[in-house]
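Report on one structure; see the data block that follows.
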Amino acid sequence: VNNFSGYAEDSPFGLLREMKGRIAVLDLSDQASMTFYHHVEEKHEVPYRYHKTFTGEYTDAAGSTVSRTYGLFVRNIEDGVHAHLNPAGELMWQEGLYRGHRPGVGCGLRTVSARDMYEFVSEIIRSGKAEGVLYRIGGEQSK
């Protein structure tokens with residue numbers, strides 16, 4: 001599939017949700033691992049991110065090279081936007097969406113349904129509560 005955006009419906013993130021997949025994370029915080037959040041943000045066209053394009057040479061499996069343009073829904077760094085995802089991860093623990101172990105506890109492996117996470121994060125965005133839960137303005141990038 002020659003999808004345009006890394007977070008769009010036809011990206012691996014969209015396919016994971018469509019196929020009722022689960023996301024597994026091994027011993028990392030949401031901030032350091034959960035790119036799936038950006039899929040949800042793109043689907044909702046959040047105002048603190050924008051579509052940025054990148055053009056480069058693409059060589060396929062047969063060795064043919066062409067110029068292609070792809071996009072990514074990136075944070076607006078000029079406005080001081082930083083991803084701040086650990087608060088949303090904590091809310092997912094509180095809601096019982098994560099199964100398994102928190103980072104640094106036991107084996108550190110947790111899983112979540114892609115569909116459940118999508119719906120949960122969508123509600124954060126729709127309710128206007130994304131700032132402070134999914135992103136923040138100013139300061140340093142969270143770890």
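Residue numbering restarts at 1 for every chain of the structure tokens, chains are lettered A, B, ... in their displayed order, and ligands are numbered from 1 as they appear.
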task: Name the residues in contact with segment 13-26 of chain A at a cut-off of 10 Å, using only C-alpha atoms, excluding same-chain residues fewer than 2 positions from it; report them as a ChimeraX atom specification.
output: /A:6-11,28-30,32-40,43,98-104,107-118
Those selected residues, please, written with N, CA, C and O atoms and delivered as a short mmCIF file (atom, residue, chain, number, x, y, z; two decimals), in the first residue's frame.
data_model
loop_
_atom_site.label_atom_id
_atom_site.label_comp_id
_atom_site.auth_asym_id
_atom_site.auth_seq_id
_atom_site.Cartn_x
_atom_site.Cartn_y
_atom_site.Cartn_z
N GLY A 6 1.67 8.73 7.61
CA GLY A 6 2.08 7.70 8.54
C GLY A 6 1.08 7.40 9.63
O GLY A 6 1.19 6.38 10.31
N TYR A 7 0.08 8.29 9.82
CA TYR A 7 -0.90 8.09 10.88
C TYR A 7 -2.33 7.94 10.36
O TYR A 7 -3.26 7.83 11.14
N ALA A 8 -2.53 7.92 9.06
CA ALA A 8 -3.88 7.94 8.47
C ALA A 8 -4.60 6.60 8.63
O ALA A 8 -4.07 5.64 9.16
N GLU A 9 -5.82 6.58 8.13
CA GLU A 9 -6.65 5.38 8.20
C GLU A 9 -5.99 4.19 7.52
O GLU A 9 -6.13 3.05 7.97
N ASP A 10 -5.24 4.42 6.42
CA ASP A 10 -4.59 3.33 5.71
C ASP A 10 -3.15 3.07 6.18
O ASP A 10 -2.42 2.33 5.56
N SER A 11 -2.78 3.67 7.29
CA SER A 11 -1.46 3.43 7.89
C SER A 11 -1.53 2.15 8.73
O SER A 11 -2.62 1.61 8.98
N LEU A 28 8.12 0.61 28.77
CA LEU A 28 8.31 2.01 28.40
C LEU A 28 7.07 2.80 28.80
O LEU A 28 5.96 2.29 28.80
N SER A 29 7.26 4.08 29.06
CA SER A 29 6.13 4.98 29.34
C SER A 29 5.34 5.23 28.07
O SER A 29 5.82 4.96 26.96
N ASP A 30 4.14 5.76 28.22
CA ASP A 30 3.36 6.14 27.03
C ASP A 30 4.13 7.17 26.21
O ASP A 30 4.16 7.11 24.99
N ALA A 32 7.20 7.52 25.73
CA ALA A 32 8.33 6.94 24.99
C ALA A 32 7.93 5.85 24.01
O ALA A 32 8.79 5.26 23.37
N SER A 33 6.60 5.56 23.89
CA SER A 33 6.27 4.40 23.09
C SER A 33 4.97 4.46 22.29
O SER A 33 4.83 3.73 21.32
N MET A 34 4.01 5.26 22.66
CA MET A 34 2.66 5.12 22.13
C MET A 34 2.35 6.08 20.99
O MET A 34 1.53 6.99 21.11
N THR A 35 2.93 5.85 19.85
CA THR A 35 2.69 6.67 18.66
C THR A 35 1.24 6.57 18.19
O THR A 35 0.76 7.45 17.47
N PHE A 36 0.52 5.57 18.64
CA PHE A 36 -0.88 5.40 18.25
C PHE A 36 -1.71 6.65 18.61
O PHE A 36 -2.68 6.96 17.94
N TYR A 37 -1.32 7.37 19.65
CA TYR A 37 -2.02 8.61 20.00
C TYR A 37 -2.10 9.55 18.79
O TYR A 37 -3.10 10.22 18.59
N HIS A 38 -1.02 9.62 18.03
CA HIS A 38 -0.97 10.55 16.90
C HIS A 38 -1.92 10.14 15.78
O HIS A 38 -2.41 10.99 15.03
N HIS A 39 -2.18 8.85 15.66
CA HIS A 39 -3.20 8.37 14.72
C HIS A 39 -4.56 8.97 15.11
O HIS A 39 -5.28 9.48 14.26
N VAL A 40 -4.89 8.90 16.38
CA VAL A 40 -6.17 9.43 16.86
C VAL A 40 -6.21 10.94 16.65
O VAL A 40 -7.22 11.49 16.18
N LYS A 43 -6.87 11.68 13.00
CA LYS A 43 -8.25 11.40 12.63
C LYS A 43 -9.19 12.52 13.07
O LYS A 43 -10.20 12.78 12.42
N TYR A 98 -5.63 -0.73 30.12
CA TYR A 98 -4.36 -1.46 30.04
C TYR A 98 -4.49 -2.77 30.82
O TYR A 98 -5.09 -2.81 31.89
N ARG A 99 -3.88 -3.81 30.28
CA ARG A 99 -3.76 -5.10 30.95
C ARG A 99 -2.28 -5.41 31.08
O ARG A 99 -1.52 -5.20 30.13
N GLY A 100 -1.89 -5.91 32.21
CA GLY A 100 -0.49 -6.29 32.40
C GLY A 100 0.18 -5.48 33.48
O GLY A 100 -0.43 -5.18 34.50
N HIS A 101 1.43 -5.13 33.22
CA HIS A 101 2.27 -4.48 34.22
C HIS A 101 2.70 -3.08 33.77
O HIS A 101 2.96 -2.86 32.59
N ARG A 102 2.80 -2.21 34.74
CA ARG A 102 3.32 -0.87 34.48
C ARG A 102 4.82 -0.95 34.20
O ARG A 102 5.48 -1.92 34.60
N PRO A 103 5.37 0.08 33.54
CA PRO A 103 6.82 0.09 33.32
C PRO A 103 7.57 -0.03 34.65
O PRO A 103 7.20 0.59 35.66
N GLY A 104 8.60 -0.87 34.67
CA GLY A 104 9.41 -1.05 35.87
C GLY A 104 8.80 -1.97 36.91
O GLY A 104 9.37 -2.16 37.97
N CYS A 107 7.22 -7.82 34.68
CA CYS A 107 7.90 -7.91 33.38
C CYS A 107 7.79 -6.61 32.59
O CYS A 107 8.43 -6.46 31.56
N GLY A 108 6.95 -5.67 33.04
CA GLY A 108 6.82 -4.38 32.37
C GLY A 108 6.00 -4.41 31.10
O GLY A 108 5.92 -3.42 30.38
N LEU A 109 5.36 -5.54 30.80
CA LEU A 109 4.59 -5.66 29.56
C LEU A 109 3.12 -5.33 29.81
O LEU A 109 2.51 -5.86 30.72
N ARG A 110 2.58 -4.44 28.97
CA ARG A 110 1.15 -4.13 29.03
C ARG A 110 0.59 -4.15 27.63
O ARG A 110 1.32 -3.97 26.65
N THR A 111 -0.72 -4.39 27.54
CA THR A 111 -1.40 -4.36 26.25
C THR A 111 -2.68 -3.55 26.38
O THR A 111 -3.21 -3.35 27.48
N VAL A 112 -3.16 -3.08 25.23
CA VAL A 112 -4.42 -2.34 25.17
C VAL A 112 -5.05 -2.61 23.81
O VAL A 112 -4.34 -2.75 22.80
N SER A 113 -6.36 -2.69 23.78
CA SER A 113 -7.07 -2.82 22.52
C SER A 113 -6.93 -1.52 21.73
O SER A 113 -7.19 -0.44 22.26
N ALA A 114 -6.55 -1.62 20.47
CA ALA A 114 -6.42 -0.43 19.63
C ALA A 114 -7.75 0.30 19.51
O ALA A 114 -7.81 1.53 19.54
N ARG A 115 -8.83 -0.44 19.38
CA ARG A 115 -10.15 0.20 19.28
C ARG A 115 -10.55 0.90 20.57
O ARG A 115 -11.07 2.01 20.55
N ASP A 116 -10.30 0.25 21.71
CA ASP A 116 -10.63 0.87 22.99
C ASP A 116 -9.80 2.13 23.21
O ASP A 116 -10.32 3.15 23.67
N MET A 117 -8.53 2.06 22.88
CA MET A 117 -7.67 3.23 23.04
C MET A 117 -8.14 4.35 22.12
O MET A 117 -8.19 5.52 22.52
N TYR A 118 -8.47 4.00 20.89
CA TYR A 118 -8.95 5.00 19.93
C TYR A 118 -10.18 5.72 20.49
O TYR A 118 -10.25 6.96 20.47
#
Could you build a table of the residues in segment 40-67 of chain A lying no more than 12 Å from segment 122-129 of chain A, giving for each the nearest pair of atoms and their separation in Å rounded to one decimal place, using only C-alpha atoms, ordered by chain and ascending residue number, as a tab-separated table?
residue	atom	partner	partner_atom	distance
A:Val40	CA	A:Ser122	CA	6.5
A:Glu41	CA	A:Ile125	CA	7.8
A:Glu42	CA	A:Ser122	CA	10.5
A:Lys43	CA	A:Ser122	CA	8.8
A:His44	CA	A:Ser122	CA	7.5
A:Glu45	CA	A:Ile125	CA	9.8
A:Val46	CA	A:Ile125	CA	7.7
A:Pro47	CA	A:Ile125	CA	10.4
A:Tyr48	CA	A:Ile125	CA	11.3
query: Which residue out of A:Ser5, A:Asn86, A:Thr65, A:Asn76 has the minimum interatomic distance to Thr53 of chain A when only C-alpha atoms are used?
result: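 Residue with the minimum atom-to-atom distance to Thr53 of chain A: A:Ser5.
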- request: Tell me which of A:Trp93, A:Phe54, A:Phe120, A:Tyr135 sits closest to Arg68 of chain A, counting only C-alpha atoms.
  value: A:Phe54
query: What lies within 9 Å of His51 of chain A using only C-alpha atoms, ignoring chain neighbours under 3 positions off, as a VMD selection string?
result: chain A and resid 5 42 71 to 75
DSSP-assigned alpha helix (DSSP H) among segment 57-95 of chain A, expressed as number ranges by chain: A: 86-94
Please identify which residues in chain A DSSP calls strand (DSSP E or B) from the backbone, and express them as a short mmCIF file (atom, residue, chain, number, x, y, z; two decimals) with all heavy atoms, in the first residue's frame.
data_model
loop_
_atom_site.label_atom_id
_atom_site.label_comp_id
_atom_site.auth_asym_id
_atom_site.auth_seq_id
_atom_site.Cartn_x
_atom_site.Cartn_y
_atom_site.Cartn_z
N SER A 5 0.05 9.29 4.50
CA SER A 5 0.36 9.72 5.86
C SER A 5 0.69 8.54 6.76
O SER A 5 0.02 7.51 6.73
CB SER A 5 -0.83 10.48 6.46
OG SER A 5 -0.60 10.75 7.83
N ARG A 22 -4.34 -5.55 19.19
CA ARG A 22 -3.91 -5.05 20.50
C ARG A 22 -2.53 -4.45 20.34
O ARG A 22 -1.72 -4.91 19.53
CB ARG A 22 -3.89 -6.16 21.54
CG ARG A 22 -5.29 -6.69 21.87
CD ARG A 22 -5.30 -7.61 23.06
NE ARG A 22 -5.04 -6.95 24.31
CZ ARG A 22 -5.93 -6.24 25.01
NH1 ARG A 22 -7.15 -6.08 24.54
NH2 ARG A 22 -5.61 -5.69 26.16
N ILE A 23 -2.27 -3.44 21.13
CA ILE A 23 -0.96 -2.79 21.16
C ILE A 23 -0.24 -3.31 22.39
O ILE A 23 -0.80 -3.32 23.49
CB ILE A 23 -1.11 -1.26 21.24
CG1 ILE A 23 -1.88 -0.75 20.02
CG2 ILE A 23 0.25 -0.59 21.37
CD1 ILE A 23 -2.38 0.67 20.15
N ALA A 24 1.00 -3.75 22.23
CA ALA A 24 1.81 -4.22 23.35
C ALA A 24 2.99 -3.27 23.54
O ALA A 24 3.61 -2.83 22.56
CB ALA A 24 2.32 -5.63 23.09
N VAL A 25 3.27 -2.96 24.79
CA VAL A 25 4.39 -2.08 25.13
C VAL A 25 5.21 -2.78 26.20
O VAL A 25 4.66 -3.25 27.20
CB VAL A 25 3.90 -0.70 25.64
CG1 VAL A 25 5.08 0.19 25.97
CG2 VAL A 25 3.00 -0.04 24.61
N LEU A 26 6.51 -2.81 26.00
CA LEU A 26 7.39 -3.49 26.94
C LEU A 26 8.24 -2.48 27.70
O LEU A 26 9.16 -1.87 27.13
CB LEU A 26 8.29 -4.48 26.20
CG LEU A 26 9.25 -5.30 27.05
CD1 LEU A 26 8.49 -6.12 28.09
CD2 LEU A 26 10.07 -6.23 26.16
N ARG A 49 -1.52 20.21 15.89
CA ARG A 49 -0.68 19.50 14.94
C ARG A 49 -1.06 19.93 13.53
O ARG A 49 -2.12 20.48 13.32
CB ARG A 49 -0.85 17.98 15.08
CG ARG A 49 -0.24 17.43 16.34
CD ARG A 49 -0.37 15.90 16.44
NE ARG A 49 0.48 15.44 17.50
CZ ARG A 49 1.73 15.00 17.34
NH1 ARG A 49 2.26 14.90 16.14
NH2 ARG A 49 2.44 14.62 18.36
N TYR A 50 -0.21 19.67 12.57
CA TYR A 50 -0.50 19.99 11.18
C TYR A 50 0.16 18.98 10.26
O TYR A 50 1.07 18.25 10.67
CB TYR A 50 -0.05 21.42 10.84
CG TYR A 50 1.46 21.61 10.81
CD1 TYR A 50 2.16 21.59 9.61
CD2 TYR A 50 2.17 21.82 11.99
CE1 TYR A 50 3.54 21.75 9.57
CE2 TYR A 50 3.54 22.00 11.97
CZ TYR A 50 4.21 21.96 10.76
OH TYR A 50 5.57 22.12 10.74
N HIS A 51 -0.32 18.93 9.02
CA HIS A 51 0.22 18.01 8.02
C HIS A 51 1.48 18.61 7.41
O HIS A 51 1.43 19.71 6.85
CB HIS A 51 -0.80 17.73 6.92
CG HIS A 51 -2.00 17.00 7.42
ND1 HIS A 51 -2.02 15.62 7.56
CD2 HIS A 51 -3.22 17.43 7.83
CE1 HIS A 51 -3.19 15.26 8.02
NE2 HIS A 51 -3.94 16.33 8.20
N LYS A 52 2.57 17.91 7.53
CA LYS A 52 3.84 18.33 6.95
C LYS A 52 4.22 17.30 5.89
O LYS A 52 4.05 16.09 6.10
CB LYS A 52 4.92 18.39 8.02
CG LYS A 52 6.26 18.90 7.53
CD LYS A 52 7.22 19.09 8.68
CE LYS A 52 8.52 19.69 8.17
NZ LYS A 52 9.44 19.97 9.28
N THR A 53 4.70 17.77 4.74
CA THR A 53 5.08 16.84 3.67
C THR A 53 6.59 16.71 3.56
O THR A 53 7.34 17.63 3.88
CB THR A 53 4.49 17.28 2.32
OG1 THR A 53 4.97 18.59 2.01
CG2 THR A 53 2.97 17.28 2.35
N PHE A 54 6.98 15.54 3.10
CA PHE A 54 8.39 15.20 2.89
C PHE A 54 8.50 14.54 1.53
O PHE A 54 7.74 13.62 1.23
CB PHE A 54 8.88 14.23 3.96
CG PHE A 54 8.68 14.71 5.36
CD1 PHE A 54 7.49 14.48 6.03
CD2 PHE A 54 9.68 15.39 6.01
CE1 PHE A 54 7.30 14.91 7.33
CE2 PHE A 54 9.51 15.84 7.31
CZ PHE A 54 8.32 15.60 7.97
N THR A 55 9.43 14.99 0.69
CA THR A 55 9.63 14.41 -0.63
C THR A 55 11.03 13.82 -0.70
O THR A 55 11.99 14.43 -0.23
CB THR A 55 9.45 15.47 -1.73
OG1 THR A 55 8.13 16.00 -1.63
CG2 THR A 55 9.65 14.88 -3.11
N GLY A 56 11.12 12.63 -1.29
CA GLY A 56 12.41 11.99 -1.43
C GLY A 56 12.36 10.88 -2.46
O GLY A 56 11.31 10.58 -3.02
N GLU A 57 13.48 10.29 -2.68
CA GLU A 57 13.59 9.19 -3.62
C GLU A 57 13.11 7.91 -2.94
O GLU A 57 13.49 7.63 -1.81
CB GLU A 57 15.02 9.02 -4.11
CG GLU A 57 15.55 10.24 -4.87
CD GLU A 57 14.73 10.55 -6.10
OE1 GLU A 57 14.51 9.65 -6.93
OE2 GLU A 57 14.30 11.72 -6.22
N TYR A 58 12.28 7.16 -3.65
CA TYR A 58 11.74 5.91 -3.14
C TYR A 58 12.14 4.80 -4.10
O TYR A 58 11.90 4.88 -5.30
CB TYR A 58 10.20 6.00 -3.05
CG TYR A 58 9.55 4.70 -2.67
CD1 TYR A 58 9.41 4.34 -1.33
CD2 TYR A 58 9.07 3.81 -3.64
CE1 TYR A 58 8.81 3.15 -0.97
CE2 TYR A 58 8.47 2.62 -3.29
CZ TYR A 58 8.34 2.29 -1.94
OH TYR A 58 7.75 1.10 -1.59
N THR A 59 12.78 3.76 -3.57
CA THR A 59 13.17 2.61 -4.38
C THR A 59 12.34 1.41 -3.94
O THR A 59 12.35 1.03 -2.76
CB THR A 59 14.67 2.30 -4.21
OG1 THR A 59 15.42 3.48 -4.55
CG2 THR A 59 15.09 1.14 -5.10
N THR A 65 13.31 3.43 -8.92
CA THR A 65 13.36 4.60 -8.05
C THR A 65 12.54 5.73 -8.64
O THR A 65 12.66 6.03 -9.83
CB THR A 65 14.82 5.06 -7.85
OG1 THR A 65 15.57 3.98 -7.26
CG2 THR A 65 14.91 6.28 -6.96
N VAL A 66 11.68 6.30 -7.82
CA VAL A 66 10.86 7.45 -8.21
C VAL A 66 10.84 8.45 -7.06
O VAL A 66 11.16 8.12 -5.92
CB VAL A 66 9.40 7.03 -8.55
CG1 VAL A 66 9.36 6.11 -9.76
CG2 VAL A 66 8.73 6.38 -7.37
N SER A 67 10.44 9.66 -7.37
CA SER A 67 10.28 10.68 -6.34
C SER A 67 8.86 10.56 -5.77
O SER A 67 7.89 10.47 -6.53
CB SER A 67 10.48 12.07 -6.95
OG SER A 67 10.31 13.06 -5.95
N ARG A 68 8.75 10.51 -4.45
CA ARG A 68 7.44 10.41 -3.80
C ARG A 68 7.35 11.42 -2.67
O ARG A 68 8.35 11.75 -2.04
CB ARG A 68 7.20 9.02 -3.24
CG ARG A 68 6.89 7.99 -4.30
CD ARG A 68 6.25 6.78 -3.67
NE ARG A 68 5.99 5.77 -4.68
CZ ARG A 68 5.77 4.51 -4.41
NH1 ARG A 68 5.79 4.09 -3.17
NH2 ARG A 68 5.52 3.65 -5.37
N THR A 69 6.12 11.84 -2.42
CA THR A 69 5.85 12.76 -1.31
C THR A 69 4.96 12.06 -0.30
O THR A 69 3.95 11.45 -0.67
CB THR A 69 5.18 14.05 -1.81
OG1 THR A 69 6.06 14.68 -2.76
CG2 THR A 69 4.90 15.00 -0.67
N TYR A 70 5.35 12.15 0.95
CA TYR A 70 4.59 11.57 2.05
C TYR A 70 4.34 12.66 3.08
O TYR A 70 4.98 13.70 3.08
CB TYR A 70 5.35 10.40 2.69
CG TYR A 70 5.49 9.22 1.77
CD1 TYR A 70 6.67 9.00 1.07
CD2 TYR A 70 4.44 8.35 1.59
CE1 TYR A 70 6.79 7.92 0.20
CE2 TYR A 70 4.55 7.26 0.72
CZ TYR A 70 5.72 7.06 0.04
OH TYR A 70 5.83 6.00 -0.82
N GLY A 71 3.40 12.38 3.97
CA GLY A 71 3.07 13.36 4.99
C GLY A 71 3.08 12.74 6.37
O GLY A 71 2.99 11.53 6.54
N LEU A 72 3.18 13.61 7.35
CA LEU A 72 3.08 13.21 8.74
C LEU A 72 2.38 14.33 9.48
O LEU A 72 2.59 15.51 9.19
CB LEU A 72 4.47 12.96 9.33
CG LEU A 72 4.56 12.05 10.54
CD1 LEU A 72 3.96 10.68 10.26
CD2 LEU A 72 5.99 11.90 10.98
N PHE A 73 1.53 13.98 10.41
CA PHE A 73 0.77 14.94 11.21
C PHE A 73 1.64 15.28 12.42
O PHE A 73 1.69 14.54 13.38
CB PHE A 73 -0.57 14.31 11.62
CG PHE A 73 -1.62 15.28 12.01
CD1 PHE A 73 -1.97 16.34 11.20
CD2 PHE A 73 -2.31 15.13 13.21
CE1 PHE A 73 -2.98 17.23 11.54
CE2 PHE A 73 -3.31 15.99 13.57
CZ PHE A 73 -3.65 17.06 12.75
N VAL A 74 2.35 16.40 12.33
CA VAL A 74 3.38 16.74 13.31
C VAL A 74 2.89 17.82 14.28
O VAL A 74 1.98 18.59 13.97
CB VAL A 74 4.67 17.21 12.61
CG1 VAL A 74 5.24 16.11 11.73
CG2 VAL A 74 4.45 18.48 11.81
N ARG A 75 3.54 17.88 15.43
CA ARG A 75 3.18 18.91 16.41
C ARG A 75 3.70 20.26 15.92
O ARG A 75 4.71 20.33 15.21
CB ARG A 75 3.71 18.56 17.79
CG ARG A 75 5.20 18.43 17.87
CD ARG A 75 5.62 17.87 19.23
NE ARG A 75 7.00 17.51 19.22
CZ ARG A 75 7.99 18.32 19.55
NH1 ARG A 75 7.74 19.55 19.96
NH2 ARG A 75 9.25 17.92 19.49
N VAL A 81 4.42 23.47 21.05
CA VAL A 81 3.65 22.27 21.37
C VAL A 81 4.59 21.09 21.63
O VAL A 81 5.50 20.82 20.85
CB VAL A 81 2.67 21.91 20.22
CG1 VAL A 81 1.98 20.58 20.50
CG2 VAL A 81 1.66 23.02 20.03
N HIS A 82 4.35 20.42 22.75
CA HIS A 82 5.10 19.21 23.10
C HIS A 82 4.11 18.09 23.39
O HIS A 82 3.10 18.32 24.06
CB HIS A 82 5.95 19.44 24.36
CG HIS A 82 7.04 20.42 24.17
ND1 HIS A 82 8.22 20.12 23.52
CD2 HIS A 82 7.14 21.71 24.53
CE1 HIS A 82 8.99 21.18 23.50
NE2 HIS A 82 8.36 22.17 24.11
N ALA A 83 4.42 16.91 22.89
CA ALA A 83 3.62 15.74 23.26
C ALA A 83 3.77 15.54 24.76
O ALA A 83 4.86 15.69 25.31
CB ALA A 83 4.10 14.51 22.50
N ARG A 99 -3.88 -3.81 30.28
CA ARG A 99 -3.76 -5.10 30.95
C ARG A 99 -2.28 -5.41 31.08
O ARG A 99 -1.52 -5.20 30.13
CB ARG A 99 -4.43 -6.21 30.15
CG ARG A 99 -5.92 -6.07 30.04
CD ARG A 99 -6.48 -7.26 29.30
NE ARG A 99 -7.87 -7.03 28.97
CZ ARG A 99 -8.55 -7.74 28.10
NH1 ARG A 99 -7.96 -8.73 27.45
NH2 ARG A 99 -9.80 -7.47 27.84
N GLY A 100 -1.89 -5.91 32.21
CA GLY A 100 -0.49 -6.29 32.40
C GLY A 100 0.18 -5.48 33.48
O GLY A 100 -0.43 -5.18 34.50
N LEU A 109 5.36 -5.54 30.80
CA LEU A 109 4.59 -5.66 29.56
C LEU A 109 3.12 -5.33 29.81
O LEU A 109 2.51 -5.86 30.72
CB LEU A 109 4.70 -7.09 29.00
CG LEU A 109 3.88 -7.37 27.74
CD1 LEU A 109 4.42 -6.56 26.56
CD2 LEU A 109 3.88 -8.86 27.43
N ARG A 110 2.58 -4.44 28.97
CA ARG A 110 1.15 -4.13 29.03
C ARG A 110 0.59 -4.15 27.63
O ARG A 110 1.32 -3.97 26.65
CB ARG A 110 0.90 -2.78 29.69
CG ARG A 110 1.36 -1.59 28.86
CD ARG A 110 1.15 -0.29 29.65
NE ARG A 110 1.53 0.90 28.92
CZ ARG A 110 2.75 1.34 28.74
NH1 ARG A 110 3.78 0.65 29.20
NH2 ARG A 110 2.98 2.46 28.08
N THR A 111 -0.72 -4.39 27.54
CA THR A 111 -1.40 -4.36 26.25
C THR A 111 -2.68 -3.55 26.38
O THR A 111 -3.21 -3.35 27.48
CB THR A 111 -1.77 -5.78 25.75
OG1 THR A 111 -2.75 -6.36 26.60
CG2 THR A 111 -0.54 -6.67 25.64
N VAL A 112 -3.16 -3.08 25.23
CA VAL A 112 -4.42 -2.34 25.17
C VAL A 112 -5.05 -2.61 23.81
O VAL A 112 -4.34 -2.75 22.80
CB VAL A 112 -4.21 -0.83 25.41
CG1 VAL A 112 -3.34 -0.20 24.32
CG2 VAL A 112 -5.53 -0.09 25.54
N SER A 113 -6.36 -2.69 23.78
CA SER A 113 -7.07 -2.82 22.52
C SER A 113 -6.93 -1.52 21.73
O SER A 113 -7.19 -0.44 22.26
CB SER A 113 -8.56 -3.09 22.81
OG SER A 113 -9.37 -2.70 21.73
N GLU A 131 -5.34 19.35 26.08
CA GLU A 131 -4.21 20.08 26.65
C GLU A 131 -3.98 19.64 28.09
O GLU A 131 -4.90 19.58 28.89
CB GLU A 131 -4.42 21.59 26.60
CG GLU A 131 -3.18 22.36 26.99
CD GLU A 131 -3.24 23.85 26.71
OE1 GLU A 131 -4.26 24.34 26.21
OE2 GLU A 131 -2.23 24.52 26.99
N TYR A 135 -1.01 16.86 25.21
CA TYR A 135 0.03 17.80 24.81
C TYR A 135 0.07 18.94 25.81
O TYR A 135 -0.81 19.11 26.64
CB TYR A 135 -0.22 18.36 23.40
CG TYR A 135 -1.29 19.42 23.34
CD1 TYR A 135 -0.95 20.77 23.31
CD2 TYR A 135 -2.65 19.10 23.31
CE1 TYR A 135 -1.95 21.75 23.26
CE2 TYR A 135 -3.62 20.06 23.25
CZ TYR A 135 -3.25 21.38 23.23
OH TYR A 135 -4.23 22.36 23.18
N ARG A 136 1.16 19.71 25.73
CA ARG A 136 1.26 20.94 26.50
C ARG A 136 2.00 21.97 25.69
O ARG A 136 2.69 21.64 24.71
CB ARG A 136 1.92 20.69 27.86
CG ARG A 136 3.36 20.27 27.77
CD ARG A 136 3.92 20.07 29.16
NE ARG A 136 5.27 19.55 29.05
CZ ARG A 136 5.93 19.04 30.02
NH1 ARG A 136 5.40 18.97 31.22
NH2 ARG A 136 7.15 18.61 29.85
N ILE A 137 1.85 23.20 26.09
CA ILE A 137 2.52 24.32 25.40
C ILE A 137 3.67 24.79 26.27
O ILE A 137 3.49 25.06 27.46
CB ILE A 137 1.54 25.49 25.16
CG1 ILE A 137 0.29 25.04 24.40
CG2 ILE A 137 2.25 26.64 24.44
CD1 ILE A 137 0.54 24.61 23.00
#
field: Separation of atom CA of Gly80 of chain A from atom CA of Met92 of chain A in Å
entry: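 According to the coordinates, atom CA of Met92 of chain A and atom CA of Gly80 of chain A are separated by 25.8 Å.
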task: Enter the distance from atom CA of Gly139 of chain A to atom CA of Gln31 of chain A, in Å, rounded to one decimal.
output: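 Going from atom CA of Gly139 of chain A over to atom CA of Gln31 of chain A covers 15.1 Å.
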- prompt: What does the distance between atom CA of Val133 of chain A and atom CA of Pro87 of chain A come to in Å, to one decimal place?
  reply: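 Spanning atom CA of Val133 of chain A to atom CA of Pro87 of chain A is a straight-line distance of 5.0 Å.
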